[in-house]
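What follows is run-v4.pdb (PDB, C-alpha atoms and all ligand atoms).
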ATOM      1  CA  MET A  13     140.125  69.426  43.973
ATOM      2  CA  GLY A  14     138.930  68.088  47.259
ATOM      3  CA  TYR A  15     139.711  68.861  50.870
ATOM      4  CA  GLU A  16     142.367  66.134  51.091
ATOM      5  CA  ASP A  17     144.078  67.401  47.907
ATOM      6  CA  VAL A  18     144.335  70.868  49.276
ATOM      7  CA  GLU A  19     145.600  69.506  52.562
ATOM      8  CA  GLN A  20     148.207  67.533  50.673
ATOM      9  CA  TYR A  21     149.505  70.201  48.234
ATOM     10  CA  ALA A  22     148.763  73.654  49.595
ATOM     11  CA  ASP A  23     151.128  75.567  51.816
ATOM     12  CA  ARG A  24     150.047  76.277  55.341
ATOM     13  CA  GLU A  25     148.697  79.744  54.662
ATOM     14  CA  THR A  26     146.673  78.654  51.637
ATOM     15  CA  PHE A  27     145.376  75.668  53.483
ATOM     16  CA  GLY A  28     144.393  77.892  56.336
ATOM     17  CA  LYS A  29     142.363  80.128  54.032
ATOM     18  CA  TYR A  30     140.803  77.172  52.276
ATOM     19  CA  SER A  31     140.019  75.506  55.510
ATOM     20  CA  ASP A  32     138.326  78.677  56.712
ATOM     21  CA  LEU A  33     136.318  78.993  53.496
ATOM     22  CA  ALA A  34     135.441  75.310  53.572
ATOM     23  CA  LEU A  35     134.326  75.641  57.129
ATOM     24  CA  ARG A  36     132.219  78.646  56.230
ATOM     25  CA  GLY A  37     130.762  76.844  53.270
ATOM     26  CA  ALA A  38     130.029  73.747  55.290
ATOM     27  CA  VAL A  39     128.442  75.561  58.141
ATOM     28  CA  ASN A  40     126.418  77.750  55.797
ATOM     29  CA  GLN A  41     124.863  74.541  54.517
ATOM     30  CA  ALA A  42     123.777  73.507  57.992
ATOM     31  CA  PRO A  43     120.078  74.478  58.489
ATOM     32  CA  ASP A  44     120.497  75.404  62.143
ATOM     33  CA  PHE A  45     123.611  77.534  61.740
ATOM     34  CA  VAL A  46     123.203  81.289  62.160
ATOM     35  CA  TRP A  47     125.491  84.332  61.932
ATOM     36  CA  CYS A  48     125.186  86.988  64.603
ATOM     37  CA  PRO A  49     123.307  89.930  62.987
ATOM     38  CA  ASN A  50     125.109  92.319  65.350
ATOM     39  CA  GLY A  51     128.217  92.333  63.133
ATOM     40  CA  CYS A  52     130.538  90.591  65.567
ATOM     41  CA  GLU A  53     131.330  87.982  62.905
ATOM     42  CA  SER A  54     130.490  85.136  65.233
ATOM     43  CA  GLY A  55     128.189  82.324  64.216
ATOM     44  CA  GLN A  56     126.682  79.413  66.034
ATOM     45  CA  ILE A  57     124.533  76.362  65.753
ATOM     46  CA  HIS A  58     121.025  76.925  67.147
ATOM     47  CA  GLU A  59     119.595  73.437  67.319
ATOM     48  CA  ALA A  60     116.125  74.485  68.437
ATOM     49  CA  GLY A  61     115.771  76.343  65.103
ATOM     50  CA  ASN A  62     112.468  78.124  64.487
ATOM     51  CA  GLU A  63     110.774  76.266  67.329
ATOM     52  CA  GLN A  64     112.535  78.414  69.914
ATOM     53  CA  PRO A  65     113.728  81.323  67.791
ATOM     54  CA  ILE A  66     115.463  83.424  70.466
ATOM     55  CA  VAL A  67     119.257  83.217  70.042
ATOM     56  CA  THR A  68     121.862  84.831  72.271
ATOM     57  CA  CYS A  69     125.206  85.364  70.516
ATOM     58  CA  VAL A  70     127.937  83.389  72.268
ATOM     59  CA  LYS A  71     130.426  86.173  71.508
ATOM     60  CA  CYS A  72     128.681  89.526  72.033
ATOM     61  CA  ARG A  73     125.533  88.331  73.911
ATOM     62  CA  PHE A  74     123.311  90.054  71.339
ATOM     63  CA  LYS A  75     119.776  88.653  71.583
ATOM     64  CA  PHE A  76     118.239  88.033  68.157
ATOM     65  CA  CYS A  77     115.617  86.120  66.213
ATOM     66  CA  PHE A  78     116.803  82.945  64.526
ATOM     67  CA  ARG A  79     114.175  83.156  61.804
ATOM     68  CA  HIS A  80     114.200  86.873  61.076
ATOM     69  CA  GLN A  81     117.893  87.592  61.732
ATOM     70  CA  VAL A  82     117.093  90.827  63.611
ATOM     71  CA  ARG A  83     117.263  91.991  67.208
ATOM     72  CA  TRP A  84     114.744  89.878  69.109
ATOM     73  CA  HIS A  85     111.263  91.333  68.578
ATOM     74  CA  GLU A  86     110.166  91.595  72.218
ATOM     75  CA  GLN A  87     106.498  90.726  72.960
ATOM     76  CA  LEU A  88     105.909  89.499  69.403
ATOM     77  CA  THR A  89     105.904  85.954  68.064
ATOM     78  CA  CYS A  90     107.575  85.446  64.688
ATOM     79  CA  ALA A  91     104.123  85.209  63.052
ATOM     80  CA  GLU A  92     103.121  88.486  64.670
ATOM     81  CA  TYR A  93     106.398  90.035  63.580
ATOM     82  CA  ASP A  94     105.543  88.999  59.980
ATOM     83  CA  SER A  95     102.114  90.652  60.330
ATOM     84  CA  PHE A  96     103.697  93.732  61.810
ATOM     85  CA  VAL A  97     106.226  94.015  58.963
ATOM     86  CA  SER A  98     103.561  93.527  56.267
ATOM     87  CA  ASP A  99     101.123  96.105  57.776
ATOM     88  CA  PRO A 100     102.707  98.204  60.561
ATOM     89  CA  GLU A 101      99.852 100.750  60.550
ATOM     90  CA  ASN A 102      97.070  98.364  61.453
ATOM     91  CA  PHE A 103      99.041  95.789  63.377
ATOM     92  CA  ARG A 104      97.677  94.651  66.738
ATOM     93  CA  SER A 105      99.771  92.106  68.619
ATOM     94  CA  GLN A 106      98.290  89.367  70.764
ATOM     95  CA  ILE A 107      99.563  91.333  73.755
ATOM     96  CA  ASP A 108      97.743  94.454  72.524
ATOM     97  CA  ILE A 109      94.574  92.385  72.100
ATOM     98  CA  LEU A 110      94.981  90.884  75.579
ATOM     99  CA  ASN A 111      95.628  94.337  77.013
ATOM    100  CA  GLU A 112      92.508  95.680  75.334
ATOM    101  CA  GLU A 113      90.463  92.743  76.591
ATOM    102  CA  ALA A 114      91.861  93.221  80.080
ATOM    103  CA  GLU A 115      91.008  96.941  79.917
ATOM    104  CA  THR A 116      87.467  96.168  78.738
ATOM    105  CA  LEU A 117      87.083  93.653  81.567
ATOM    106  CA  ARG A 118      88.455  96.156  84.066
ATOM    107  CA  LEU A 119      85.959  98.815  82.932
ATOM    108  CA  GLU A 120      83.093  96.304  83.143
ATOM    109  CA  GLU A 121      84.129  95.270  86.646
ATOM    110  CA  GLN A 122      84.468  98.906  87.671
ATOM    111  CA  SER A 123      80.998  99.641  86.336
ATOM    112  CA  ALA A 124      79.546  96.584  88.110
ATOM    113  CA  ARG A 125      81.277  97.594  91.348
ATOM    114  CA  ARG A 126      79.886 101.135  91.122
ATOM    115  CA  THR A 127      76.388  99.794  90.487
ATOM    116  CA  GLN A 128      76.749  97.506  93.516
ATOM    117  CA  GLU A 129      78.081 100.330  95.682
ATOM    118  CA  GLU A 130      75.193 102.567  94.638
ATOM    119  CA  ALA A 131      72.710  99.800  95.505
ATOM    120  CA  ASP A 132      74.441  99.235  98.864
ATOM    121  CA  ARG A 133      74.354 102.970  99.577
ATOM    122  CA  LYS A 134      70.622 103.196  98.798
ATOM    123  CA  LEU A 135      69.910 100.162 100.965
ATOM    124  CA  ALA A 136      71.938 101.647 103.810
ATOM    125  CA  GLN A 137      70.044 104.940 103.446
ATOM    126  CA  SER A 138      66.652 103.240 103.543
ATOM    127  CA  LEU A 139      67.717 101.165 106.568
ATOM    128  CA  MET A 140      68.936 104.323 108.266
ATOM    129  CA  ALA A 141      65.674 106.124 107.463
ATOM    130  CA  ALA A 142      63.684 103.194 108.872
ATOM    131  CA  GLU A 143      65.891 103.178 111.970
ATOM    132  CA  GLN A 144      65.457 106.916 112.438
ATOM    133  CA  ARG A 145      61.708 106.523 112.020
ATOM    134  CA  GLU A 146      61.665 103.769 114.646
ATOM    135  CA  GLU A 147      63.823 105.850 116.956
ATOM    136  CA  ALA A 148      61.471 108.821 116.553
ATOM    137  CA  GLU A 149      58.494 106.571 117.311
ATOM    138  CA  ARG A 150      60.236 105.154 120.397
ATOM    139  CA  GLN A 151      61.036 108.704 121.528
ATOM    140  CA  ALA A 152      57.441 109.817 121.003
ATOM    141  CA  GLN A 153      56.114 106.789 122.922
ATOM    142  CA  TRP A 154      58.521 107.441 125.776
ATOM    143  CA  GLU A 155      57.526 111.124 125.919
ATOM    144  CA  SER A 156      53.852 110.181 125.884
ATOM    145  CA  ALA A 157      54.370 107.669 128.733
ATOM    146  CA  GLU A 158      56.407 110.233 130.658
ATOM    147  CA  ARG A 159      53.645 112.845 130.245
ATOM    148  CA  GLU A 160      51.057 110.337 131.498
ATOM    149  CA  ARG A 161      53.245 109.561 134.523
ATOM    150  CA  ARG A 162      53.562 113.263 135.317
ATOM    151  CA  GLU A 163      49.819 113.825 134.915
ATOM    152  CA  GLU A 164      49.038 110.825 137.152
ATOM    153  CA  THR A 165      51.421 112.112 139.842
ATOM    154  CA  GLU A 166      49.856 115.581 139.687
ATOM    155  CA  ARG A 167      46.350 114.076 139.803
ATOM    156  CA  ARG A 168      47.251 112.083 142.953
ATOM    157  CA  ARG A 169      48.859 115.116 144.549
ATOM    158  CA  LEU A 170      45.736 117.221 143.950
ATOM    159  CA  GLN A 171      43.523 114.406 145.242
ATOM    160  CA  ALA A 172      45.626 114.121 148.418
ATOM    161  CA  GLU A 173      45.496 117.891 148.841
ATOM    162  CA  ARG A 174      41.715 117.920 148.440
ATOM    163  CA  MET A 175      41.362 115.066 150.945
ATOM    164  CA  ALA A 176      43.584 116.892 153.429
ATOM    165  CA  MET A 177      41.487 120.033 152.999
ATOM    166  CA  GLN A 178      38.261 118.036 153.460
ATOM    167  CA  GLN A 179      39.657 116.377 156.607
ATOM    168  CA  GLN A 180      40.721 119.769 157.904
ATOM    169  CA  ALA A 181      37.285 121.207 157.168
ATOM    170  CA  GLU A 182      35.613 118.238 158.876
ATOM    171  CA  LYS A 183      37.861 118.666 161.917
ATOM    172  CA  MET A 184      37.020 122.382 162.067
ATOM    173  CA  ARG A 185      33.318 121.593 161.691
ATOM    174  CA  ILE A 186      33.458 119.010 164.499
ATOM    175  CA  GLU A 187      35.419 121.445 166.652
ATOM    176  CA  ALA A 188      32.893 124.195 165.935
ATOM    177  CA  VAL A 189      29.988 121.915 166.824
ATOM    178  CA  ARG A 190      31.715 120.840 170.027
ATOM    179  CA  LYS A 191      32.482 124.416 170.954
ATOM    180  CA  ARG A 192      28.914 125.535 170.295
ATOM    181  CA  GLY A 193      27.670 122.624 172.454
ATOM    182  CA  GLU A 194      29.977 123.660 175.310
ATOM    183  CA  GLU A 195      28.904 127.280 175.015
ATOM    184  CA  GLU A 196      25.254 126.267 175.088
ATOM    185  CA  LEU A 197      25.903 124.077 178.121
ATOM    186  CA  SER A 198      27.804 126.882 179.814
ATOM    187  CA  ARG A 199      25.057 129.395 179.039
ATOM    188  CA  ARG A 200      22.414 127.087 180.502
ATOM    189  CA  THR A 201      24.558 126.493 183.625
ATOM    190  CA  VAL A 202      24.923 130.204 184.084
ATOM    191  CA  GLU A 203      21.189 130.718 183.494
ATOM    192  CA  ARG A 204      20.322 128.018 185.998
ATOM    193  CA  THR A 205      22.745 129.047 188.780
ATOM    194  CA  THR A 206      22.734 132.878 188.469
ATOM    195  CA  LYS A 207      20.458 135.765 188.170
ATOM    196  CA  PRO A 208      21.263 139.072 186.626
ATOM    197  CA  CYS A 209      22.601 141.689 188.970
ATOM    198  CA  PRO A 210      19.796 144.228 189.366
ATOM    199  CA  GLY A 211      22.316 147.028 189.000
ATOM    200  CA  CYS A 212      24.509 146.024 186.073
ATOM    201  CA  ARG A 213      22.774 142.892 184.706
ATOM    202  CA  TRP A 214      25.929 140.816 185.185
ATOM    203  CA  PRO A 215      25.044 137.248 186.239
ATOM    204  CA  ILE A 216      25.565 136.676 189.910
ATOM    205  CA  GLU A 217      25.309 133.445 191.932
ATOM    206  CA  LYS A 218      21.767 132.788 192.988
ATOM    207  CA  ASN A 219      22.910 131.520 196.396
ATOM    208  CA  SER A 220      25.351 134.284 197.213
ATOM    209  CA  GLY A 221      23.912 136.824 199.532
ATOM    210  CA  TRP A 222      20.331 135.521 199.004
TER
HETATM  211 ZN    ZN B   1     127.405  88.599  68.238
HETATM  212 ZN    ZN B   2     111.277  86.208  64.336
HETATM  213 ZN    ZN B   3      26.099 144.359 188.910
END
Written form, structure tokens:
Amino acid sequence: MGYEDVEQYADRETFGKYSDLALRGAVNQAPDFVWCPNGCESGQIHEAGNEQPIVTCVKCRFKFCFRHQVRWHEQLTCAEYDSFVSDPENFRSQIDILNEEAETLRLEEQSARRTQEEADRKLAQSLMAAEQREEAERQAQWESAERERREETERRRLQAERMAMQQQAEKMRIEAVRKRGEEELSRRTVERTTKPCPGCRWPIEKNSGW
């Protein structure tokens, strides 16, 4: 009995059931038809098939895998999901592998950065030490020059003092010589123009009273 026969002879209710069954049978044959695994009794055609296996149920919005008929296995491809199911203990997904590689890379970069920072720090220290050494040398040179300036000033001051003392001494000597000369002259004048008083020996004018 075919579809047309049923349509022709069956009552409405029977035809309805048959039609439903026939529909189910027909759609079950279709390779890209899938029932929602969430139990909502809805089914749909998923034309992309295994190529793009993520299906969202048109009725309950459940997101599932077309190939595996389970809730969509987030972060796993269907091939990885197969590996996971066959050996869950030792399974490592591509994302795990990428994460591990990224972690390894991160640790390597961290190590390289620390090495670089250490080298930079040592360089900075040696530059600072050299700078401090130079600064100390500059300071020492400045102090030495300053000491020489002070010594030179003191030397000139002493020299000027000595010269002043010599000039003073010379002036006093000249003055003394002049004074002695005047005294000598005065003594001779007195000797020439006076004679000692016979009584008290005080010089008296030769012409007075003589
Ligand atoms: Zn559903
Ligand atoms: Zn799958
Ligand atoms: Zn006298």
Show me which residues line ligand ZN 2 (chain B), defined as having an atom within 10 Å of a ligand atom where all atoms listed in the file count, and present them as a PyMOL selection string. chain A and resi 62+64-66+76-86+88-94
At a cut-off of 12 Å and counting only C-alpha atoms and all ligand atoms, what residues surround ligand ZN 1 (chain B)? Please answer as a VMD selection string. chain A and resid 46 to 56 67 to 76 81 to 83
Please, which residues have at least one atom within 8 Å of an atom of ligand ZN 3 (chain B), using all atoms listed in the file, listed as a PyMOL selection string? chain A and resi 208-216
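Taking CA of Met140 in chain A and CA of Ala124 in chain A as endpoints, the distance between them is 24.1 Å.
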To box range 171-184 of chain A, take all atoms listed in the file, fit an axis-aligned box, add 4 Å on each side, and give centre and edge lengths in Å to one decimal, as lines of an AutoDock Vina configuration file.
center_x = 40.6
center_y = 118.3
center_z = 153.7
size_x = 18.0
size_y = 16.3
size_z = 24.8
Radius query 12 Å about (99.6, 90.8, 74.5), atoms used: only C-alpha atoms, as JSON, numbers by chain: {"A": [86, 87, 88, 89, 92, 104, 105, 106, 107, 108, 109, 110, 111, 112, 113, 114, 115]}
Neighbour list for Asn219 in chain A as a list in words, cut-off 12 Å, all atoms listed in the file, skip fewer than 5 positions in-chain: Arg204, Thr205, Thr206 and Lys207 of chain A
Given the file shown, enumerate the residues that the PyMOL selection byres (((chain A and resi 43) around 10) and not hetatm) captures and present them as an MDAnalysis selection string. chainID A and resid 39:42 44:46 57:59 61
Work out how far apart CA of Leu139 in chain A and CA of Ala152 in chain A are and give it in Å to one decimal.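 Going from CA of Leu139 in chain A over to CA of Ala152 in chain A covers 19.7 Å.
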N, CA, C and O atoms are needed for range 75-93 of chain A; please write them out as a compact mmCIF listing (two decimals), keeping the file's coordinate frame.
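Result written to out25.txt:
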# COMPACT_ATOMS: atom_id res chain seq x y z
N LYS A 75 120.96 89.53 71.58
CA LYS A 75 119.78 88.65 71.58
C LYS A 75 119.01 88.89 70.29
O LYS A 75 118.58 90.01 70.01
N PHE A 76 118.88 87.83 69.47
CA PHE A 76 118.24 88.03 68.16
C PHE A 76 117.31 86.89 67.77
O PHE A 76 117.27 85.85 68.43
N CYS A 77 116.56 87.12 66.69
CA CYS A 77 115.62 86.12 66.21
C CYS A 77 116.28 85.22 65.19
O CYS A 77 116.85 85.70 64.20
N PHE A 78 116.20 83.92 65.43
CA PHE A 78 116.80 82.94 64.53
C PHE A 78 116.18 83.03 63.14
O PHE A 78 116.87 83.00 62.12
N ARG A 79 114.87 83.17 63.09
CA ARG A 79 114.18 83.16 61.80
C ARG A 79 114.33 84.48 61.04
O ARG A 79 114.58 84.49 59.84
N HIS A 80 114.19 85.60 61.77
CA HIS A 80 114.20 86.87 61.08
C HIS A 80 115.55 87.56 61.04
O HIS A 80 115.70 88.58 60.37
N GLN A 81 116.54 87.03 61.76
CA GLN A 81 117.89 87.59 61.73
C GLN A 81 117.90 89.07 62.11
O GLN A 81 118.61 89.87 61.49
N VAL A 82 117.11 89.45 63.10
CA VAL A 82 117.09 90.83 63.61
C VAL A 82 117.12 90.76 65.13
O VAL A 82 116.91 89.68 65.72
N ARG A 83 117.36 91.92 65.75
CA ARG A 83 117.26 91.99 67.21
C ARG A 83 115.95 91.35 67.62
O ARG A 83 114.93 91.51 66.94
N TRP A 84 115.96 90.60 68.71
CA TRP A 84 114.74 89.88 69.11
C TRP A 84 113.56 90.83 69.26
O TRP A 84 113.64 91.86 69.94
N HIS A 85 112.46 90.49 68.54
CA HIS A 85 111.26 91.33 68.58
C HIS A 85 110.48 91.00 69.86
O HIS A 85 109.64 90.10 69.90
N GLU A 86 110.78 91.81 70.91
CA GLU A 86 110.17 91.60 72.22
C GLU A 86 108.64 91.63 72.11
O GLU A 86 108.08 92.47 71.41
N GLN A 87 107.96 90.76 72.85
CA GLN A 87 106.50 90.73 72.96
C GLN A 87 105.79 90.31 71.67
O GLN A 87 104.56 90.33 71.61
N LEU A 88 106.54 89.96 70.65
CA LEU A 88 105.91 89.50 69.40
C LEU A 88 106.41 88.11 69.06
O LEU A 88 107.62 87.84 69.17
N THR A 89 105.47 87.23 68.62
CA THR A 89 105.90 85.95 68.06
C THR A 89 106.42 86.24 66.66
O THR A 89 106.22 87.35 66.12
N CYS A 90 107.08 85.25 66.06
CA CYS A 90 107.58 85.45 64.69
C CYS A 90 106.42 85.70 63.72
O CYS A 90 106.54 86.54 62.83
N ALA A 91 105.29 85.01 63.92
CA ALA A 91 104.12 85.21 63.05
C ALA A 91 103.60 86.64 63.20
O ALA A 91 103.27 87.30 62.21
N GLU A 92 103.57 87.12 64.44
CA GLU A 92 103.12 88.49 64.67
C GLU A 92 104.10 89.49 64.07
O GLU A 92 103.70 90.52 63.53
N TYR A 93 105.39 89.14 64.16
CA TYR A 93 106.40 90.04 63.58
C TYR A 93 106.20 90.14 62.07
O TYR A 93 106.30 91.23 61.49
